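Peer 1: Shown below is the structure under consideration.
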Amino acid sequence: MNMKKSVFIRDGYPLGAVYKWQQGKVIVANVELRKISKTFRGRTALQDVSFEIGDGEFFVLLGPTGAGKTTSLRIVAGLEKQDAGSILFDGEAADTHSPAERDIAFVFQQYSLYPTMSVYDNLAFPLRSPLRKTPETEVKRRVTEAAEKLRISHLLERKTARLSGGEMQRVSIGRAIVRDPRIFLMDEPLSNLDAKLREALRIELVHIQKTQGSTTLYVTHDQVEALTLADRIAVLRQGKIVQIGTPQDIYDRPANIFVAQLVGSPRINLLPASRTDGALHIDESSLQIPLSAAHQPLPAKFTLGIRPEDIQPATDGAFTGEVALIEPLGAETILYIKSGAQTFTSIVSSMLRWRIGDSLQFTIVQEHLHYFDQTGGRLMPKQA
Amino acid sequence: MAQIELRQVEKKFGEAYAVKPVDLTINDGEFVVLLGPSGCGKTTTLRMISGLEAVSGGQILINGRDVTWNHPSDRDIAFVFQFFALYPLMTVRQNIAFTLEAQKVARREVEQRVNDVAKLLQIEHLLQRRPKALSGGDKQRVALARALVRRPAAFLMDEPLGALDADFRAVMRAEIKRLHLAQHATTVYVTHDQIEAMAMSDRIVVMSAAAVQQVGAPMEVYYDPANLFVARFIGSPGMNLVAGRLVNGVVQLPGGNHYTPPESWHTRLVEQLSSDDVILGFRPEAARLKHDGPFKTQVYADDLYGAYSMLHLALEGEQAATMVHVRAERDNLHKIGETVAFDLDPTMVRFFDPKSELSVPVTDKNS
């Protein structure tokens, strides 16, 4: 098959990566990383990273800056060579394949469009490559289809220099989907946009992904993007995978304190607690939760995690506190509830009106509690 | 203690307005946020209050005293910038004490005041360190301490949290508010982040295109936006806005949907609208998924936020679809393409005139 070996590079990525024409062939795109390790000048960037992206899966790498997300993506692309481990595309080792041979498409943070070309020509560009020689009727069909999906049909005749930031990002996503590549690699594609645009484009991505089902590896540090877009999330920290799971798994059953804090806004409450005869005590507060049989394996000292939505004011609540601070956000309001020396973050419907200094009773949803040991690891599986 | 009053304050660069005439009274002890996208005039307004920028017209009064042409140092206000402008070679203590020493405040008093403010901000253990050795958040606390130690009559803050990451912003946001509640110093705070504005302020001044769009308490601006700009800008996502047509007391909406307002609203709607065209507005939480709800539409995309989920629904129109966002329970996920039905909580329905872009009130405000 005809391949273009030389790719031109922008921001470290090949532009419009590969020009391989697939002629209607159904391509199964499954990508596997096996025990990938990488060091840069003696500093470990990735250590024994393994995961498998299923065909049609939207797989998100989530983690803070420097966790190894982009390095993983670049290794999958073939732009970076791992020190150890292997990459498999559809079960075949791809380690020796050039970036071009891997048949990937990139969407970047910065849109890399040709400013003097129309939107149509920008979208058609990868298809018209001399190596693909796509017939113009086919080019037209694909461009029209991609434009419809992204709601940019009305912009096709415009020069890209005259587009808004959000429109440009749509066109650059369009240029990736028009090619129908084996896998999409996306490196924080929404991070340079303002909040409203990011929101709108994220919705488009959800729609495209769930209706089109292309295999995608997506890198972000934004927990909302990860929760809302992913089929599965791999949380990376300091070059190691901390947890892999569905968004619901990651949110409801975080493997450790790091993951628990990384997802959810406002942040999970983490409180030092201890186990005594019949109850859990939250240190420096008068809060006690009766122990059930399920709590029996708990050690004497541990950290209790409570999501803000699991603390709710209730007239018959077993706990009492005082409203220390109120942050209305719109549909919801954050209440900071002081009880003893501890302050709890709670998120409640804005329909309830509170004033600072109000004393209130609240309940804690016990079946949603999280327990972590002294090293931060999750203590026992949460009861469903 | 300070009340700040702006009377017809404006700023022009040549013929172009950077800030169109503003009338605004900021009460003593109040926390007011100037909110808007970049270029809306919010920072220019703040700089005019501080005296760093001269007004092109109007008056600025602090506690009734006209300070329009006073030097910034003669206004009894403290400025906190986005950048941690700390002296790198001085210790934290020296950084905080610097302005007091420059004002020749007695040494013992300087020490007392620095200690007090360090305690308030919980940075006592850092006083001997140099700024270089501090985290971003601690640097910002020191910058705040340096402003606080002067005990000014008012604080002016220009995106002080802009340089921090999202997670830490939420923490500092609560800390600044707590500090404000402890001190009750009049504060004018500039941000482009509507969540910050909602969470922190007593009142929000929403600005766009050099003009004040609305002044109100956070929930007032959220539920009763004065115009389409405010409706879109406040909230994440913004207010759902669906263009329709008022025919015989019924609002005809895209996708064959319609909304029938209570009869008592009819006269007011007809009186105020400039034509049959109307925009229906409602927040995502105003919609309630109900199998027999009057609105029927297809799911375009769905979102899980952890604690809840959001459905994005497409109301198909003749030319383009209008996206409507609706809140749902966390495990209430619907498939893309599935048809769902919802109704609206009438107390949360708003109307706008598409020509003037202004809100069309149909009930008397009672809250």
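By order in the structure tokens, chains are A, B, ...; within a chain, residues start at 1; ligands start at 1, following the order shown.
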With a cut-off of 8 Å, could you pull out the residues of chain A touching chain B and give me the nearest pair of atoms for each, distance in Å to one decimal, using only C-alpha atoms, ordered by chain and ascending number, as a Markdown table?

Peer 2:
| residue | atom | partner | partner_atom | distance |
| --- | --- | --- | --- | --- |
| A:Lys196 | CA | B:Pro237 | CA | 7.1 |
| A:Glu199 | CA | B:Pro237 | CA | 7.1 |
| A:Ile203 | CA | B:Ala301 | CA | 6.2 |
| A:Glu204 | CA | B:Ala301 | CA | 7.7 |
| A:Val206 | CA | B:Ala301 | CA | 6.0 |
| A:His207 | CA | B:Ala301 | CA | 5.1 |
| A:Lys210 | CA | B:Ile336 | CA | 7.5 |
| A:Thr211 | CA | B:Ile336 | CA | 7.7 |
| A:Val224 | CA | B:Tyr305 | CA | 6.5 |
| A:Leu227 | CA | B:Leu304 | CA | 6.2 |
| A:Thr228 | CA | B:Asp303 | CA | 4.8 |
| A:Leu229 | CA | B:Asp303 | CA | 7.4 |
| A:Pro247 | CA | B:Gly306 | CA | 7.8 |
| A:Gln248 | CA | B:Gly306 | CA | 7.0 |
| A:Tyr251 | CA | B:Gly306 | CA | 6.1 |
| A:Gly264 | CA | B:Gly306 | CA | 6.4 |
| A:Pro266 | CA | B:Ala170 | CA | 7.8 |
| A:Glu309 | CA | B:Ala307 | CA | 6.7 |
| A:Leu325 | CA | B:Arg178 | CA | 7.1 |
| A:Ile326 | CA | B:Ala199 | CA | 7.5 |
| A:Glu327 | CA | B:Ala199 | CA | 4.1 |
| A:Pro328 | CA | B:Ala199 | CA | 5.1 |
| A:Leu329 | CA | B:Met198 | CA | 5.6 |
| A:Gly330 | CA | B:Tyr222 | CA | 6.3 |
| A:Ala331 | CA | B:Glu285 | CA | 6.4 |

Peer 1: For those residues, write C-alpha atoms to a file as a PDB file, in the first residue's frame.

Peer 2:
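Writing the result to part_33.pdb gives the following:
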ATOM      1  CA  LYS A 196     -18.571  28.700  26.484  1.00  0.00           C
ATOM      2  CA  GLU A 199     -18.662  23.548  26.403  1.00  0.00           C
ATOM      3  CA  ILE A 203     -21.032  18.474  23.283  1.00  0.00           C
ATOM      4  CA  GLU A 204     -20.206  18.107  19.573  1.00  0.00           C
ATOM      5  CA  VAL A 206     -19.719  13.584  22.572  1.00  0.00           C
ATOM      6  CA  HIS A 207     -22.233  13.483  19.740  1.00  0.00           C
ATOM      7  CA  LYS A 210     -21.216   8.270  20.252  1.00  0.00           C
ATOM      8  CA  THR A 211     -22.711   8.235  16.778  1.00  0.00           C
ATOM      9  CA  VAL A 224     -14.983  17.397  33.436  1.00  0.00           C
ATOM     10  CA  LEU A 227     -15.883  12.300  32.861  1.00  0.00           C
ATOM     11  CA  THR A 228     -18.164  13.525  30.098  1.00  0.00           C
ATOM     12  CA  LEU A 229     -16.298  12.239  27.029  1.00  0.00           C
ATOM     13  CA  PRO A 247     -16.109   7.477  34.454  1.00  0.00           C
ATOM     14  CA  GLN A 248     -18.585   6.087  36.971  1.00  0.00           C
ATOM     15  CA  TYR A 251     -15.907   8.819  40.398  1.00  0.00           C
ATOM     16  CA  GLY A 264     -15.337  15.908  41.212  1.00  0.00           C
ATOM     17  CA  PRO A 266     -16.068  20.863  44.409  1.00  0.00           C
ATOM     18  CA  GLU A 309     -23.320  15.953  47.256  1.00  0.00           C
ATOM     19  CA  LEU A 325     -19.649  30.296  54.002  1.00  0.00           C
ATOM     20  CA  ILE A 326     -22.087  30.259  51.081  1.00  0.00           C
ATOM     21  CA  GLU A 327     -21.147  30.221  47.415  1.00  0.00           C
ATOM     22  CA  PRO A 328     -24.134  30.409  45.051  1.00  0.00           C
ATOM     23  CA  LEU A 329     -23.158  28.976  41.651  1.00  0.00           C
ATOM     24  CA  GLY A 330     -26.512  29.004  39.881  1.00  0.00           C
ATOM     25  CA  ALA A 331     -28.494  25.787  40.043  1.00  0.00           C
TER      26      ALA A 331
END

Peer 1: Could you go through region 154-266 of chain B and tell me which residues DSSP, when run on the backbone, assigns to helix (DSSP H, G or I), listing them as a PyMOL selection string?

Peer 2: chain B and resi 166-183+194-200+218-223+228-233+254-256+263-266

Peer 1: Pick the closest to His266 (chain B) from B:Leu228, B:Glu316, B:Phe351, B:Gly136: which is it, counting only C-alpha atoms?

Peer 2: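 Distance minimum relative to His266 (chain B) lands on B:Phe351.
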
Peer 1: Extract, using only C-alpha atoms, all DNA, RNA and protein residues at most 8 Å from Leu271 (chain A), discarding same-chain residues fewer than 3 positions from it, and format them as a list in words.

Peer 2: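 Returned residues: Ile282, Asp283, Thr303, Leu304 and Gly305 of chain A.
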
Peer 1: Emit the selected residues as a compact mmCIF listing (two decimals), in the first residue's frame, including C-alpha atoms.

Peer 2:
# COMPACT_ATOMS: atom_id res chain seq x y z
CA ILE A 282 -14.29 12.21 62.58
CA ASP A 283 -11.34 13.74 64.40
CA THR A 303 -9.09 8.92 56.12
CA LEU A 304 -12.78 9.30 55.41
CA GLY A 305 -13.83 10.67 52.02

Peer 1: What's around region 86-103 of chain B at 7 Å? Count only C-alpha atoms, leave out sequence neighbours fewer than 6 positions away in its own chain, and write the answer as number ranges by chain.

Peer 2: B: 110, 114, 126-132, 142-143, 145-146, 150

Peer 1: Go ahead and save the residues from that selection, with C-alpha atoms, as a tab-separated table (two decimals), in the first residue's frame.

Peer 2:
chain	number	residue	atom	x	y	z
B	110	VAL	CA	4.49	47.36	62.13
B	114	VAL	CA	2.32	42.01	60.28
B	126	LEU	CA	6.50	31.45	56.24
B	127	LEU	CA	7.50	34.89	57.52
B	128	GLN	CA	11.25	34.23	57.37
B	129	ARG	CA	11.20	32.66	53.90
B	130	ARG	CA	11.87	34.33	50.59
B	131	PRO	CA	9.13	34.43	47.92
B	132	LYS	CA	11.11	32.06	45.70
B	142	VAL	CA	1.55	37.09	50.86
B	143	ALA	CA	0.36	39.51	48.17
B	145	ALA	CA	-1.30	40.13	53.31
B	146	ARG	CA	0.66	43.05	51.93
B	150	ARG	CA	-2.27	48.68	55.23

Peer 1: Would you kindly return, as a list in words, each protein, DNA or RNA residue with an atom no farther than 9 Å from any atom of Ser359 (chain A), considering only C-alpha atoms and excluding same-chain residues fewer than 6 positions away?

Peer 2: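 In the requested form, the answer reads Thr320, Gly321, Glu322, Val323 and Ile337 of chain A.
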
Peer 1: Dump C-alpha atoms for the selected residues as a CSV table (one decimal), in the first residue's frame?

Peer 2:
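The resulting file, part31.csv, is reproduced below:
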chain,number,residue,atom,x,y,z
A,320,THR,CA,-25.3,19.4,63.4
A,321,GLY,CA,-23.1,22.3,62.2
A,322,GLU,CA,-23.1,25.9,61.3
A,323,VAL,CA,-23.1,27.6,57.9
A,337,ILE,CA,-20.5,23.7,57.2

Peer 1: Assign secondary structure with DSSP using the backbone only, and return the residues of region 46-248 of chain A in strand (DSSP E or B) as a PyMOL selection string.

Peer 2: chain A and resi 46-53+58-62+84-89+92-93+104-107+118+159+183-187+216-220+232-237+240-245

Peer 1: Excluding same-chain residues fewer than 4 positions from region 42-52 of chain A, what lies within 6 Å of it counting only C-alpha atoms, as a PyMOL selection string?

Peer 2: chain A and resi 31-38+68+239-240

Peer 1: Take CA of Gly64 (chain B) and CA of Leu148 (chain B) and report the distance between them in Å, one decimal.

Peer 2: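 CA of Leu148 (chain B) lies 23.0 Å from CA of Gly64 (chain B).
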
Peer 1: Could you state the separation of CA of Ser72 (chain A) and CA of Gly377 (chain A) in Å, given to one decimal place?

Peer 2: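 Calculated distance between CA of Ser72 (chain A) and CA of Gly377 (chain A) is 24.7 Å.
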
Peer 1: State, in Å with one decimal place, the distance from CA of Trp265 (chain B) to CA of Ser356 (chain B).

Peer 2: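 If I compute the distance from CA of Trp265 (chain B) to CA of Ser356 (chain B), I get 19.5 Å.
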